[in-house]
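Novice: Have a look at this one.
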Amino acid sequence: MYRYDEFDAAIVRERIAEFSDQVARRVSGALSEDEFKPLRLMNGVYLQLHAYMLRVAIPYGVLGSRQMRQLAHIARRYDRGYGHFTTRTNIQFNWPALADMPAILTDLAEVEMHAIQTSGNCVRNVTTDVFAGCAADEIEDPRPWCELIRQWSTLHPEFSFLPRKFKIAVIASEADRAAIRTHDVGLQLVRDADSETAFRVFVGGGQGRLPHLAQEIAPAVKGQDLLAYLTAILRAWNLLGRRDNIHKARIKILVAAMGIEAFRAEVERHFAALRREDLRVPEAELARIRAAFAPPPFADLPATSAAFEAAKGANSHLARFARRNVRPHRQPGYASVIISLKPPGGVPGDITAAQMEVVADLAERFSFDEVRAAYEQNLVLPHVRLDDLPEVWRALAAAGLATPNADLVTDIIACPGLDYCSLANARSIPVAQALSAALADPDLQERLGPVRVNISGCINACGHHHVGHIGVLGVDRKGEEYYQITLGGSPDETAALGEIVGRSLAADEVAPAVSRALERYLEVRAEGETFLAAVRRLGVGPFREAIYGALDAVA
């Protein structure tokens with residue numbers, strides 16, 4: 001795990017001191033809310049419907065047990081006893097008092113955490129595959145490159161006031177477990193013609209009211225030129241991007257307007273003009289960063305565990321958990337364990353302080369003191385011995401963290417919606433809870449297989465509904481909350497935007513409608529065919545009929 005150097009520590013200390021003064025002036029009334037807004041956003045502080053919210057950065061999703069315990073402390077002391085994990089692998093606290101923000105940031109700094117660049121028009125938290133360093137299919141661990149980008153982009157003077165926010169994701173395998181084509185820039189590690197590390201670069205992705213999937217702009221940028229190429233992309237957008245209309249300011253709009261070929265030419269022009277040697281990644285520095293992500297001291301173990309196999313045979317609940325929430329590891333004798341933050345009827349992504357402490361203890365005892373935050377709003381223990389899985393499962397079950405639903409229909413991604421967010425048109429949480437309760441039967445979930453449900457409370461699409469196999473979008477209709485259904489989206493290597501199936505539904509109609517669509521899937525699927533594959537083969541017609549037939553008959 002990467003540790004702060006003296007520069008990181010100094011930046012965080014100076015930012016806390018600066019923001020403490022700004023908070024004091026806001027509390028005293030010396031600053032109006034309008035004057036304070038750009039200052040708080042630079043420090044991850046939002047003003048939501050009922051209170052201020054603090055978004056804490058978790059670069060590339062990696063946490064240690066000490067950090068997780070500090071998050072639990074913050075949740076207890078300054079919030080209402082819980083936090084909320086997001087699709088950018090950050091954690092949000094929804095109820096802190098503004099006057100407490102400097103103290104919270106000071107507590108975070110004690111464990112090498114901060115809230116810098118979790119909001120505002122800058123380069124946001126860099127994300128990656130939650131199984132980085134564990135997956136057998138990756139070319140190399142992408143996290144050192146994420147750390148390099150973090151260091152380069154933090155408080156970058158040229159890119160601190162961009163037309164809009166800018167999001168980067170990095171993967172190192174053909175399988176996309178970080179949704180790179182939904183990002184402003186997506187990076188896939190590849191090998192170039194010289195068998196050296198290079199990056200396939202995608203640009204212009206994003207969701208919101210005008211969703212776009214990123215397009216390939218370069219097939220193999222050499223690793224040593226990565227920062228120069230990112231600089232060229234950001235410079236082209238910074239100079240040409242719209243600043244007169246917030247809804248048309250993202251790089252996706254510029255790329256779509258210019259066309260990928262014209263935008264590529266603009267980027268190449270800037271890339272050629274750069275003093276590339278100034279941005280070239282020094283091998284010594286890259287080696288220093290890579291050393292921080294060296295594999296932990298794994299034991300030499302057999303590929304299978306007799307104890308684990310026996311425990312599964314004796315306990316069907318453990319066996320189900322192992323099928324759904326345990327993933328293979330590149331190191332024999334180990335596995336990665338998905339900790340679901342989606343209990344039946346629960347709020348997706350929420351975790352209590354007591355649960356955070358359980359996770360911290362398990363990470364310290366069983367996972368080389370490491371835990372990961374996932375794009376799906378879950379957590380992962382990346383390096384667990386197969387022999388230890390029964391004990392880990394028992395501890396998770398006792399804490400309400402062993403729901404065996406990873407990648408199943410109740411593993412719902414949802415934004416906070418109108419329960420918290422001042423931008424939302426509709427509530428997301430109650431719809432997610434109703435869906436989770438309606439589809440809670442674990443046998444039914446396993447019969448359905450992998451189904452990704454994404455829910456957003458407004459067109460800003462923080463719940464990534466555009467790329468859900470089933471997407472649910474909350475809309476305002478004459479002051480009432482209604483929900484639009486899309487089908488066929490996907491965020492992975494087969495990325496696609498979902499298709500709207502018909503008219504919007506009232507909140508209490510959503511869960512029954514989705515259930516009917518899933519029942520139709522069970523009727524029409526071919527042998528071994530997933531829900532997404534069935535939608536792509538048949539189109540949305542059969543599912544539209546299932547969703548609206550009963551409703552239209554009543555009407």
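By convention here, the chains of the structure tokens are called A, B, ... in the order presented, each chain's residues are numbered starting at 1, and ligands are numbered starting at 1 in the order presented.
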Which residues are close to A:Leu71, i.e. within 10 Å by only C-alpha atoms, leaving aside same-chain residues fewer than 5 positions away? Reply as a list in words.
Specialist: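 With the cut-off at 10 Å, the set is Val56, Ser65, Arg66, Arg76, Arg77, Tyr82, Gly83, Ile91, Phe93, Ile104, Asp107, Leu108, Val111, Met113, Thr352, Ala353, Met356 and Glu357 of chain A.
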Novice: To test your reading of the structure, identify every residue in stretch 167-330 of chain A that backbone DSSP assigns to alpha helix (DSSP H), and report it as a ChimeraX atom specification.
Specialist: /A:226-240,251-258,260-273,276-279,283-292,306-314,316-325
Novice: Which neighbours of A:Ala507 fall inside 10 Å, counting only C-alpha atoms, when residues of the same chain fewer than 5 positions from it are skipped, and could you give them as a list in words?
Specialist: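 Counting only the stated atoms, we get Ala426, Arg427, Ser428, Pro430, Val431, Ala434, Gly474, Glu480, Glu481, Tyr482 and Tyr483 of chain A.
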Novice: Using only C-alpha atoms for the distances, tell me which of A:Ala265, A:Leu341, A:Ala303, A:Ala335 is nearest to A:Gly400.
Specialist: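 Of all the options, A:Leu341 lies closest to A:Gly400.
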Novice: May I ask which of the residues A:Arg15, A:Arg327, A:His212, A:Arg124 is the closest one to A:Asp407, counting only C-alpha atoms?
Specialist: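 Counting only C-alpha atoms, the residue closest to A:Asp407 is A:Arg327.
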Novice: Can you pull out every residue within 10 Å of A:Ala294, counting only C-alpha atoms, but drop anything in the same chain fewer than 2 positions away, and send it as a tab-separated table (two decimals) with C-alpha atoms, in the first residue's frame?
Specialist:
chain	number	residue	atom	x	y	z
A	1	MET	CA	0.00	0.00	0.00
A	2	TYR	CA	1.28	3.43	-0.92
A	133	GLY	CA	-2.99	-7.26	-8.04
A	141	ASP	CA	-0.94	-4.32	-11.36
A	144	PRO	CA	1.05	2.09	-9.43
A	289	ILE	CA	5.79	3.54	-6.42
A	290	ARG	CA	5.67	-0.05	-7.65
A	291	ALA	CA	7.57	-1.18	-4.56
A	292	ALA	CA	4.70	0.13	-2.43
A	296	PRO	CA	2.26	-9.30	0.28
A	297	PRO	CA	4.24	-12.21	1.77
Novice: Might you pull out every residue within 9 Å of A:Val524, with only C-alpha atoms counted and same-chain residues fewer than 2 positions away left off, and present them as a PyMOL selection string?
Specialist: chain A and resi 519-522+526+534+538+542
Novice: Figure out the distance between atom CA of A:Ser367 and atom CA of A:Thr403, please, to one decimal in Å.
Specialist: 19.5 Å
Novice: According to DSSP computed on the backbone, where in stretch 137-222 of chain A is there strand (DSSP E or B)? Give the residues as JSON, numbers by chain.
Specialist: {"A": [166, 168, 169, 170, 171, 185, 186, 187, 188, 189, 190, 191, 197, 198, 199, 200, 201, 202, 203, 206, 212, 215, 216, 217, 218, 219, 220, 221, 222]}
Novice: Kindly save the residues from that selection, with N, CA and C atoms included, as a PDB file, in the first residue's frame.
Specialist:
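Once written, again.pdb looks like this:
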ATOM      1  N   PHE A 166     -13.540  15.829 -14.206  1.00  0.00           N
ATOM      2  CA  PHE A 166     -12.839  14.945 -15.140  1.00  0.00           C
ATOM      3  C   PHE A 166     -12.491  13.653 -14.408  1.00  0.00           C
ATOM      4  N   ILE A 168     -11.050   9.571 -14.461  1.00  0.00           N
ATOM      5  CA  ILE A 168     -10.132   8.630 -15.108  1.00  0.00           C
ATOM      6  C   ILE A 168     -10.249   7.273 -14.425  1.00  0.00           C
ATOM      7  N   ALA A 169     -10.272   6.209 -15.208  1.00  0.00           N
ATOM      8  CA  ALA A 169     -10.233   4.847 -14.677  1.00  0.00           C
ATOM      9  C   ALA A 169      -9.191   4.046 -15.443  1.00  0.00           C
ATOM     10  N   VAL A 170      -8.546   3.094 -14.744  1.00  0.00           N
ATOM     11  CA  VAL A 170      -7.442   2.318 -15.310  1.00  0.00           C
ATOM     12  C   VAL A 170      -7.701   0.835 -15.080  1.00  0.00           C
ATOM     13  N   ILE A 171      -7.524   0.021 -16.113  1.00  0.00           N
ATOM     14  CA  ILE A 171      -7.599  -1.430 -15.970  1.00  0.00           C
ATOM     15  C   ILE A 171      -6.370  -2.057 -16.606  1.00  0.00           C
ATOM     16  N   VAL A 185     -11.755   9.768 -19.455  1.00  0.00           N
ATOM     17  CA  VAL A 185     -10.647   9.019 -20.039  1.00  0.00           C
ATOM     18  C   VAL A 185     -10.609   7.639 -19.394  1.00  0.00           C
ATOM     19  N   GLY A 186     -10.555   6.616 -20.219  1.00  0.00           N
ATOM     20  CA  GLY A 186     -10.361   5.249 -19.754  1.00  0.00           C
ATOM     21  C   GLY A 186      -9.039   4.721 -20.280  1.00  0.00           C
ATOM     22  N   LEU A 187      -8.290   4.075 -19.417  1.00  0.00           N
ATOM     23  CA  LEU A 187      -6.961   3.564 -19.772  1.00  0.00           C
ATOM     24  C   LEU A 187      -6.921   2.053 -19.569  1.00  0.00           C
ATOM     25  N   GLN A 188      -6.483   1.346 -20.609  1.00  0.00           N
ATOM     26  CA  GLN A 188      -6.297  -0.106 -20.523  1.00  0.00           C
ATOM     27  C   GLN A 188      -4.843  -0.442 -20.782  1.00  0.00           C
ATOM     28  N   LEU A 189      -4.176  -1.037 -19.807  1.00  0.00           N
ATOM     29  CA  LEU A 189      -2.792  -1.452 -19.998  1.00  0.00           C
ATOM     30  C   LEU A 189      -2.721  -2.525 -21.063  1.00  0.00           C
ATOM     31  N   VAL A 190      -1.776  -2.361 -21.981  1.00  0.00           N
ATOM     32  CA  VAL A 190      -1.527  -3.335 -23.040  1.00  0.00           C
ATOM     33  C   VAL A 190      -0.016  -3.468 -23.202  1.00  0.00           C
ATOM     34  N   ARG A 191       0.396  -4.365 -24.060  1.00  0.00           N
ATOM     35  CA  ARG A 191       1.794  -4.463 -24.457  1.00  0.00           C
ATOM     36  C   ARG A 191       1.920  -3.919 -25.887  1.00  0.00           C
ATOM     37  N   THR A 197       5.176  -1.864 -21.581  1.00  0.00           N
ATOM     38  CA  THR A 197       3.902  -1.373 -21.051  1.00  0.00           C
ATOM     39  C   THR A 197       3.429  -0.170 -21.855  1.00  0.00           C
ATOM     40  N   ALA A 198       2.179  -0.226 -22.282  1.00  0.00           N
ATOM     41  CA  ALA A 198       1.561   0.882 -23.014  1.00  0.00           C
ATOM     42  C   ALA A 198       0.101   0.973 -22.585  1.00  0.00           C
ATOM     43  N   PHE A 199      -0.571   1.993 -23.098  1.00  0.00           N
ATOM     44  CA  PHE A 199      -1.962   2.214 -22.710  1.00  0.00           C
ATOM     45  C   PHE A 199      -2.840   2.418 -23.936  1.00  0.00           C
ATOM     46  N   ARG A 200      -3.875   1.612 -24.003  1.00  0.00           N
ATOM     47  CA  ARG A 200      -4.959   1.866 -24.941  1.00  0.00           C
ATOM     48  C   ARG A 200      -5.835   2.950 -24.300  1.00  0.00           C
ATOM     49  N   VAL A 201      -6.055   4.035 -25.012  1.00  0.00           N
ATOM     50  CA  VAL A 201      -6.705   5.208 -24.415  1.00  0.00           C
ATOM     51  C   VAL A 201      -8.074   5.420 -25.047  1.00  0.00           C
ATOM     52  N   PHE A 202      -9.080   5.549 -24.176  1.00  0.00           N
ATOM     53  CA  PHE A 202     -10.436   5.886 -24.588  1.00  0.00           C
ATOM     54  C   PHE A 202     -10.759   7.280 -24.058  1.00  0.00           C
ATOM     55  N   VAL A 203     -11.527   8.048 -24.812  1.00  0.00           N
ATOM     56  CA  VAL A 203     -11.833   9.411 -24.394  1.00  0.00           C
ATOM     57  C   VAL A 203     -13.282   9.750 -24.725  1.00  0.00           C
ATOM     58  N   GLY A 206     -19.100   9.331 -20.535  1.00  0.00           N
ATOM     59  CA  GLY A 206     -19.777  10.034 -19.451  1.00  0.00           C
ATOM     60  C   GLY A 206     -21.266   9.784 -19.525  1.00  0.00           C
ATOM     61  N   HIS A 212     -22.644   9.267 -23.254  1.00  0.00           N
ATOM     62  CA  HIS A 212     -21.779   8.810 -24.344  1.00  0.00           C
ATOM     63  C   HIS A 212     -20.844   7.740 -23.794  1.00  0.00           C
ATOM     64  N   GLN A 215     -14.616   6.673 -26.765  1.00  0.00           N
ATOM     65  CA  GLN A 215     -14.105   6.105 -28.011  1.00  0.00           C
ATOM     66  C   GLN A 215     -12.590   5.986 -27.945  1.00  0.00           C
ATOM     67  N   GLU A 216     -12.052   5.013 -28.647  1.00  0.00           N
ATOM     68  CA  GLU A 216     -10.600   4.838 -28.654  1.00  0.00           C
ATOM     69  C   GLU A 216      -9.947   5.995 -29.404  1.00  0.00           C
ATOM     70  N   ILE A 217      -8.978   6.612 -28.753  1.00  0.00           N
ATOM     71  CA  ILE A 217      -8.229   7.702 -29.378  1.00  0.00           C
ATOM     72  C   ILE A 217      -6.795   7.285 -29.676  1.00  0.00           C
ATOM     73  N   ALA A 218      -6.274   6.293 -28.944  1.00  0.00           N
ATOM     74  CA  ALA A 218      -4.908   5.813 -29.185  1.00  0.00           C
ATOM     75  C   ALA A 218      -4.820   4.348 -28.794  1.00  0.00           C
ATOM     76  N   PRO A 219      -4.202   3.500 -29.646  1.00  0.00           N
ATOM     77  CA  PRO A 219      -4.148   2.068 -29.344  1.00  0.00           C
ATOM     78  C   PRO A 219      -3.042   1.672 -28.388  1.00  0.00           C
ATOM     79  N   ALA A 220      -1.959   2.468 -28.310  1.00  0.00           N
ATOM     80  CA  ALA A 220      -0.817   2.035 -27.490  1.00  0.00           C
ATOM     81  C   ALA A 220       0.113   3.214 -27.202  1.00  0.00           C
ATOM     82  N   VAL A 221      -0.245   4.042 -26.222  1.00  0.00           N
ATOM     83  CA  VAL A 221       0.637   5.118 -25.772  1.00  0.00           C
ATOM     84  C   VAL A 221       1.663   4.520 -24.813  1.00  0.00           C
ATOM     85  N   LYS A 222       2.930   4.734 -25.077  1.00  0.00           N
ATOM     86  CA  LYS A 222       3.975   4.170 -24.220  1.00  0.00           C
ATOM     87  C   LYS A 222       3.817   4.655 -22.785  1.00  0.00           C
TER      88      LYS A 222
END
Novice: Tell me, as a compact mmCIF listing (two decimals) with C-alpha atoms, in the first residue's frame, which residues lie within 9 Å of A:Leu396, counting only C-alpha atoms; anything in the same chain fewer than 4 positions away does not count.
Specialist:
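Output saved as part.txt:
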# COMPACT_ATOMS: atom_id res chain seq x y z
CA ILE A 339 -18.38 -7.92 1.34
CA GLN A 355 -19.47 -2.80 10.62
CA VAL A 358 -15.49 -5.53 11.85
CA VAL A 359 -14.11 -5.07 8.33
CA LEU A 362 -10.85 -8.88 9.34
CA GLU A 391 -14.01 -17.94 9.95
CA VAL A 392 -14.18 -14.78 7.83
CA GLY A 400 -24.83 -8.48 8.71
CA LEU A 401 -22.23 -8.32 5.95
CA ALA A 402 -22.50 -11.78 4.40
CA THR A 403 -25.39 -11.34 1.97
Novice: Please provide the set of residues having any atom within 10 Å of A:Gly457, restricted to only C-alpha atoms, with same-chain residues fewer than 2 positions apart removed, written as number ranges by chain.
Specialist: A: 414-419, 421, 423-429, 431, 455, 459-463, 465, 472-476, 481-483
Novice: Just the selected residues (N, CA and C atoms), exported as a PDB file, in the first residue's frame, please.
Specialist:
ATOM      1  N   ALA A 414     -27.070   2.369  -6.463  1.00  0.00           N
ATOM      2  CA  ALA A 414     -28.043   3.461  -6.368  1.00  0.00           C
ATOM      3  C   ALA A 414     -27.394   4.696  -5.779  1.00  0.00           C
ATOM      4  N   CYS A 415     -27.801   5.841  -6.293  1.00  0.00           N
ATOM      5  CA  CYS A 415     -27.354   7.112  -5.723  1.00  0.00           C
ATOM      6  C   CYS A 415     -28.204   7.439  -4.502  1.00  0.00           C
ATOM      7  N   PRO A 416     -27.842   8.435  -3.693  1.00  0.00           N
ATOM      8  CA  PRO A 416     -28.659   8.794  -2.526  1.00  0.00           C
ATOM      9  C   PRO A 416     -30.017   9.380  -2.884  1.00  0.00           C
ATOM     10  N   GLY A 417     -30.152   9.969  -4.084  1.00  0.00           N
ATOM     11  CA  GLY A 417     -31.438  10.460  -4.532  1.00  0.00           C
ATOM     12  C   GLY A 417     -31.995  11.589  -3.682  1.00  0.00           C
ATOM     13  N   LEU A 418     -33.304  11.753  -3.763  1.00  0.00           N
ATOM     14  CA  LEU A 418     -33.978  12.892  -3.149  1.00  0.00           C
ATOM     15  C   LEU A 418     -34.036  12.810  -1.626  1.00  0.00           C
ATOM     16  N   ASP A 419     -33.632  11.705  -1.046  1.00  0.00           N
ATOM     17  CA  ASP A 419     -33.524  11.653   0.409  1.00  0.00           C
ATOM     18  C   ASP A 419     -32.416  12.562   0.918  1.00  0.00           C
ATOM     19  N   CYS A 421     -30.015  14.460  -1.817  1.00  0.00           N
ATOM     20  CA  CYS A 421     -29.389  15.305  -2.835  1.00  0.00           C
ATOM     21  C   CYS A 421     -30.308  16.431  -3.288  1.00  0.00           C
ATOM     22  N   LEU A 423     -30.034  18.022  -6.013  1.00  0.00           N
ATOM     23  CA  LEU A 423     -30.197  17.979  -7.461  1.00  0.00           C
ATOM     24  C   LEU A 423     -31.237  16.948  -7.908  1.00  0.00           C
ATOM     25  N   ALA A 424     -31.593  16.040  -7.031  1.00  0.00           N
ATOM     26  CA  ALA A 424     -32.427  14.906  -7.419  1.00  0.00           C
ATOM     27  C   ALA A 424     -33.869  15.322  -7.686  1.00  0.00           C
ATOM     28  N   ASN A 425     -34.527  14.567  -8.570  1.00  0.00           N
ATOM     29  CA  ASN A 425     -35.953  14.725  -8.856  1.00  0.00           C
ATOM     30  C   ASN A 425     -36.807  13.702  -8.127  1.00  0.00           C
ATOM     31  N   ALA A 426     -36.178  12.595  -7.727  1.00  0.00           N
ATOM     32  CA  ALA A 426     -36.934  11.496  -7.136  1.00  0.00           C
ATOM     33  C   ALA A 426     -36.038  10.723  -6.184  1.00  0.00           C
ATOM     34  N   ARG A 427     -36.665   9.947  -5.339  1.00  0.00           N
ATOM     35  CA  ARG A 427     -35.911   9.134  -4.388  1.00  0.00           C
ATOM     36  C   ARG A 427     -35.417   7.849  -5.057  1.00  0.00           C
ATOM     37  N   SER A 428     -34.197   7.486  -4.753  1.00  0.00           N
ATOM     38  CA  SER A 428     -33.615   6.241  -5.244  1.00  0.00           C
ATOM     39  C   SER A 428     -33.666   5.148  -4.181  1.00  0.00           C
ATOM     40  N   ILE A 429     -33.405   5.541  -2.941  1.00  0.00           N
ATOM     41  CA  ILE A 429     -33.253   4.553  -1.869  1.00  0.00           C
ATOM     42  C   ILE A 429     -34.514   3.720  -1.664  1.00  0.00           C
ATOM     43  N   VAL A 431     -36.855   2.935  -3.717  1.00  0.00           N
ATOM     44  CA  VAL A 431     -37.049   2.054  -4.872  1.00  0.00           C
ATOM     45  C   VAL A 431     -36.072   0.879  -4.805  1.00  0.00           C
ATOM     46  N   ILE A 455     -29.840   2.497 -10.277  1.00  0.00           N
ATOM     47  CA  ILE A 455     -30.921   3.443 -10.029  1.00  0.00           C
ATOM     48  C   ILE A 455     -30.346   4.839  -9.805  1.00  0.00           C
ATOM     49  N   ILE A 459     -31.332  12.962 -13.773  1.00  0.00           N
ATOM     50  CA  ILE A 459     -30.660  12.763 -15.052  1.00  0.00           C
ATOM     51  C   ILE A 459     -29.138  12.880 -14.926  1.00  0.00           C
ATOM     52  N   ASN A 460     -28.627  13.380 -13.801  1.00  0.00           N
ATOM     53  CA  ASN A 460     -27.176  13.437 -13.616  1.00  0.00           C
ATOM     54  C   ASN A 460     -26.558  12.044 -13.545  1.00  0.00           C
ATOM     55  N   ALA A 461     -27.370  11.034 -13.267  1.00  0.00           N
ATOM     56  CA  ALA A 461     -26.985   9.624 -13.441  1.00  0.00           C
ATOM     57  C   ALA A 461     -25.882   9.163 -12.502  1.00  0.00           C
ATOM     58  N   CYS A 462     -25.879   9.643 -11.268  1.00  0.00           N
ATOM     59  CA  CYS A 462     -24.868   9.177 -10.310  1.00  0.00           C
ATOM     60  C   CYS A 462     -25.025   7.697  -9.980  1.00  0.00           C
ATOM     61  N   GLY A 463     -26.215   7.126 -10.240  1.00  0.00           N
ATOM     62  CA  GLY A 463     -26.403   5.689 -10.067  1.00  0.00           C
ATOM     63  C   GLY A 463     -26.095   4.888 -11.319  1.00  0.00           C
ATOM     64  N   HIS A 465     -27.495   4.606 -14.215  1.00  0.00           N
ATOM     65  CA  HIS A 465     -28.616   3.824 -14.744  1.00  0.00           C
ATOM     66  C   HIS A 465     -28.478   3.550 -16.232  1.00  0.00           C
ATOM     67  N   VAL A 472     -32.971   2.319 -13.846  1.00  0.00           N
ATOM     68  CA  VAL A 472     -34.151   3.005 -13.321  1.00  0.00           C
ATOM     69  C   VAL A 472     -33.771   4.464 -13.098  1.00  0.00           C
ATOM     70  N   LEU A 473     -34.491   5.371 -13.755  1.00  0.00           N
ATOM     71  CA  LEU A 473     -34.224   6.809 -13.650  1.00  0.00           C
ATOM     72  C   LEU A 473     -35.416   7.514 -13.032  1.00  0.00           C
ATOM     73  N   GLY A 474     -35.190   8.209 -11.922  1.00  0.00           N
ATOM     74  CA  GLY A 474     -36.235   9.008 -11.313  1.00  0.00           C
ATOM     75  C   GLY A 474     -36.429  10.319 -12.057  1.00  0.00           C
ATOM     76  N   VAL A 475     -37.684  10.646 -12.360  1.00  0.00           N
ATOM     77  CA  VAL A 475     -38.009  11.889 -13.061  1.00  0.00           C
ATOM     78  C   VAL A 475     -39.134  12.598 -12.311  1.00  0.00           C
ATOM     79  N   ASP A 476     -39.205  13.896 -12.504  1.00  0.00           N
ATOM     80  CA  ASP A 476     -40.269  14.703 -11.916  1.00  0.00           C
ATOM     81  C   ASP A 476     -41.364  14.916 -12.952  1.00  0.00           C
ATOM     82  N   GLU A 481     -43.083  11.949  -8.269  1.00  0.00           N
ATOM     83  CA  GLU A 481     -41.938  11.112  -8.611  1.00  0.00           C
ATOM     84  C   GLU A 481     -42.361   9.942  -9.483  1.00  0.00           C
ATOM     85  N   TYR A 482     -41.736   9.849 -10.645  1.00  0.00           N
ATOM     86  CA  TYR A 482     -41.967   8.734 -11.548  1.00  0.00           C
ATOM     87  C   TYR A 482     -40.611   8.167 -11.983  1.00  0.00           C
ATOM     88  N   TYR A 483     -40.657   6.963 -12.589  1.00  0.00           N
ATOM     89  CA  TYR A 483     -39.413   6.253 -12.876  1.00  0.00           C
ATOM     90  C   TYR A 483     -39.444   5.654 -14.281  1.00  0.00           C
TER      91      TYR A 483
END
Novice: I need the residue nearest A:Tyr46 from this list: A:Ser119, A:Ser490, A:Asn325, A:Ser316. Use only C-alpha atoms for the distance.
Specialist: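 Ranking A:Ser119, A:Ser490, A:Asn325, A:Ser316 by distance to A:Tyr46, first place goes to A:Ser119.
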Novice: Please report the interatomic distance between atom CA of A:Arg503 and atom CA of A:Pro211 in Å with one decimal.
Specialist: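 For atom CA of A:Arg503 relative to atom CA of A:Pro211, the distance reads 19.5 Å.
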Novice: Ranking A:His73, A:Arg372, A:His114, A:Lys252 by minimum distance to A:Asn43 and counting only C-alpha atoms, which one comes first?
Specialist: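 Once distances to A:Asn43 are computed over only C-alpha atoms, the minimum belongs to A:His114.
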